[in-house]
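A.B. asks: Handing you this structure, nothing more for now.
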Amino acid sequence: MATVLLLRHGRTTANADGGLAGRRPVELDETGRAQAAAVGARLRAVPLAAVVSSPLIRCRQTLDIALPEAPVTPEEGLIECGYGQWEGEPLKKLAKDPLWPVVQQHPSAAVFPGGEAMAAMAARAVEAVRRWDARVTAEHGPDAVWLACSHGDVIKAVVADALGVHLDLFQRIVADPASLTAISFTPTRPFLLRLNDTGGDLSGLVPAKRRRPRRVRAADSDAAVGGRAGG
């Protein structure tokens with residue numbers, strides 16, 4: 001199957017101020033723009049078969065800077081979790097809410113007031129990534145690499161699914177702004193190739209060109225099975 005690069009958007013004004021952005025139209029700050037430019041330089045080594053994104057402006061800004069010439073397809077399944085009444089609130093204030101320890105320790109049971117259940121967020125994010133991965137594989141082959149730009153909790157939920165761990169453990173996973181996480185899905189199980197990668201060469205994620213299989217001669221076949229007769 002293809003390989004997906006999960007890119008978190010660059011730092012935003014809400015990240016810098018310690019607020020919960022949610023689905024509000026917050027934009028990248030100066031640091032976030034620099035992060036987007038840096039990850040774009042790294043991505044030049046990777047031919048991308050497709051680029052999809054959360055429709056929120058911070059993700060689109062990240063891609064506009066990082067991959068200015070790439071066509072981007074919006075994907076609602078990658079949008080940030082709907083935090084409802086929590087959106088726009090300072091994290092320090094939210095940490096005193098009775099729901100906070102549930103979000104941190106038992107997120108599969110967390111439902112945000114006026115918003116989305118974390119389990120629902122995880123389910124639609126995983127479905128979107130796996131659907132796109134199957135599509136890219138069908139259209140471009142198993143060696144294709146594609147990119148999905150999204151948000152911290154969304155990426156962590158997809159990683160938890162790839163690792164086969166319960167959503168209640170996903171808060172142990174980190175996805176920093178402008179980080180890249182690489183996952184290769186296969187018919188039997190996914191492989192986490194990189195996690196929260198914020199620097200270094202990405203060319204190793206590009207599969208080597210496949211060689212045509214050498215024609216097998218009878219002698220080769222015998223040796224591969226059991227060696228020479230009587231041996």
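FYI, nothing fancy with the structure tokens labels: chains A, B, ... in order, residues from 1 per chain, ligands from 1 as they appear.
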So which residues touch Arg60 in chain A within 9 Å, counting only C-alpha atoms, skipping near sequence neighbours fewer than 4 positions away, as an mmCIF file with C-alpha atoms, in the first residue's frame?
C.D. replies:
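Saved result, result-v2.cif, follows:
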data_model
loop_
_atom_site.group_PDB
_atom_site.id
_atom_site.type_symbol
_atom_site.label_atom_id
_atom_site.label_comp_id
_atom_site.auth_asym_id
_atom_site.auth_seq_id
_atom_site.Cartn_x
_atom_site.Cartn_y
_atom_site.Cartn_z
ATOM 1 C CA HIS A 9 -0.183 22.637 10.585
ATOM 2 C CA SER A 53 -6.124 18.788 3.889
ATOM 3 C CA SER A 54 -8.427 19.760 6.680
ATOM 4 C CA PRO A 55 -10.484 22.686 5.357
ATOM 5 C CA LEU A 56 -9.457 24.982 8.225
ATOM 6 C CA ASP A 64 0.278 27.341 0.656
ATOM 7 C CA ILE A 65 3.706 28.063 2.119
ATOM 8 C CA VAL A 72 -4.811 20.455 -2.543
ATOM 9 C CA PRO A 74 -10.078 19.510 1.098
ATOM 10 C CA CYS A 149 -2.425 18.029 6.574
#
A.B. asks: Enumerate, as a PyMOL selection string, the complete set of residues in range 50-164 of chain A that a backbone-based DSSP assignment places in strand (DSSP E or B).
C.D. replies: chain A and resi 50-53+73-74+90+111+117+145-150
A.B. asks: Using only C-alpha atoms, which of A:Met118, A:Leu67, A:Leu193, A:Leu20 sits nearest Arg44 in chain A?
C.D. replies: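 Counting only C-alpha atoms, the residue closest to Arg44 in chain A is A:Leu67.
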A.B. asks: How would you write, as a PyMOL selection string, the set of residues in range 1-136 of chain A that DSSP gives as helix (DSSP H, G or I)?
C.D. replies: chain A and resi 13-17+30-43+57-66+76-78+84-86+91-94+99-105+107-109+118-136
A.B. asks: For Ala175 in chain A, which residue out of A:Glu27, A:Asp153, A:Glu116, A:Asp161 is the nearest one, using only C-alpha atoms?
C.D. replies: A:Asp153
A.B. asks: Which polymer residues have any atom within 10 Å of an atom of Lys92 in chain A, counting only C-alpha atoms, with same-chain residues fewer than 2 positions away left out, as an NGL selection string?
C.D. replies: :A and (18-20 or 89-90 or 94-97)
A.B. asks: Point out the residue among A:Ile155, A:Val126, A:Leu167, A:Cys81 with the least atom-to-atom distance to Arg24 in chain A, counting only C-alpha atoms.
C.D. replies: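 With only C-alpha atoms as the atom set, the closest residue is A:Cys81.
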A.B. asks: Given only C-alpha atoms as the basis, pick out the residue of A:Gln35, A:Ser150, A:Gln104, A:Thr3 nearest to Glu76 in chain A.
C.D. replies: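 Closest to Glu76 in chain A, using only C-alpha atoms: A:Ser150.
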A.B. asks: Which residues are close to Arg194 in chain A, i.e. within 9 Å by only C-alpha atoms, leaving aside same-chain residues fewer than 4 positions away? Reply as a PyMOL selection string.
C.D. replies: chain A and resi 5+180-183
A.B. asks: Go ahead and write the residues just picked, N, CA and C atoms, as a PDB file, in the first residue's frame.
C.D. replies:
ATOM      1  N   LEU A   5       2.005  10.692   4.665  1.00  0.00           N
ATOM      2  CA  LEU A   5       2.687  11.616   5.559  1.00  0.00           C
ATOM      3  C   LEU A   5       1.626  12.489   6.213  1.00  0.00           C
ATOM      4  N   LEU A 180       5.956  15.822  10.966  1.00  0.00           N
ATOM      5  CA  LEU A 180       5.530  14.812  10.004  1.00  0.00           C
ATOM      6  C   LEU A 180       5.511  13.442  10.666  1.00  0.00           C
ATOM      7  N   THR A 181       4.476  12.695  10.394  1.00  0.00           N
ATOM      8  CA  THR A 181       4.347  11.316  10.857  1.00  0.00           C
ATOM      9  C   THR A 181       4.061  10.464   9.635  1.00  0.00           C
ATOM     10  N   ALA A 182       4.799   9.382   9.467  1.00  0.00           N
ATOM     11  CA  ALA A 182       4.657   8.539   8.277  1.00  0.00           C
ATOM     12  C   ALA A 182       4.109   7.169   8.655  1.00  0.00           C
ATOM     13  N   ILE A 183       3.079   6.744   7.931  1.00  0.00           N
ATOM     14  CA  ILE A 183       2.458   5.437   8.159  1.00  0.00           C
ATOM     15  C   ILE A 183       2.311   4.724   6.826  1.00  0.00           C
TER      16      ILE A 183
END
A.B. asks: Excluding same-chain residues fewer than 6 positions from Ala45 in chain A, what lies within 10 Å of it counting only C-alpha atoms, as a PyMOL selection string?
C.D. replies: chain A and resi 201-206
A.B. asks: List as a list in words the protein and nucleic acid residues near Leu28 in chain A, meaning an atom at most 6 Å away when only C-alpha atoms are counted, but skip any in the same chain fewer than 4 places from it.
C.D. replies: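 My reading of the contact set: Arg11, Thr12, Gly32 and Arg58 of chain A.
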A.B. asks: Pull C-alpha atoms from the residues just selected and write them as a compact mmCIF listing (two decimals), in the first residue's frame.
C.D. replies:
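What landed in selection-v7.txt:
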# COMPACT_ATOMS: atom_id res chain seq x y z
CA ARG A 11 2.07 27.08 15.02
CA THR A 12 -0.92 29.40 15.29
CA GLY A 32 4.22 28.90 12.18
CA ARG A 58 -4.34 27.13 9.35
A.B. asks: Env of Pro113 in chain A: 10 Å cut, atoms = only C-alpha atoms, seq-sep filter 5 positions within chain, self excluded. Answer as a PyMOL selection string.
C.D. replies: chain A and resi 82-86+99
A.B. asks: Let me see the file: selected residues, C-alpha atoms, as a PDB file, in the first residue's frame.
C.D. replies:
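New file result-v5.pdb:
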ATOM      1  CA  GLY A  82     -15.422  19.795  17.374  1.00  0.00           C
ATOM      2  CA  TYR A  83     -14.729  21.090  20.880  1.00  0.00           C
ATOM      3  CA  GLY A  84     -18.055  22.920  21.084  1.00  0.00           C
ATOM      4  CA  GLN A  85     -18.247  25.315  24.022  1.00  0.00           C
ATOM      5  CA  TRP A  86     -14.569  24.728  24.785  1.00  0.00           C
ATOM      6  CA  LEU A  99     -14.359  17.027  31.783  1.00  0.00           C
TER       7      LEU A  99
END
A.B. asks: Quick one: of A:Phe170, A:Phe185, A:Phe191, A:Trp146, who's nearest to Pro71 in chain A, counting only C-alpha atoms?
C.D. replies: A:Trp146
A.B. asks: When you draw a straight line from CA of Gln105 in chain A to CA of Leu195 in chain A, how long is it in Å?
C.D. replies: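 For CA of Gln105 in chain A relative to CA of Leu195 in chain A, the distance reads 21.5 Å.
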A.B. asks: What is the CA of Gly164 in chain A-CA of Val51 in chain A distance in Å, reported with one decimal?
C.D. replies: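 Here the two named atoms are 25.3 Å from each other.
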A.B. asks: Here is a test: counting only C-alpha atoms, which residue of A:Gly22, A:Ala178, A:Gly114, A:Gln171 is nearest to Gly199 in chain A?
C.D. replies: A:Ala178
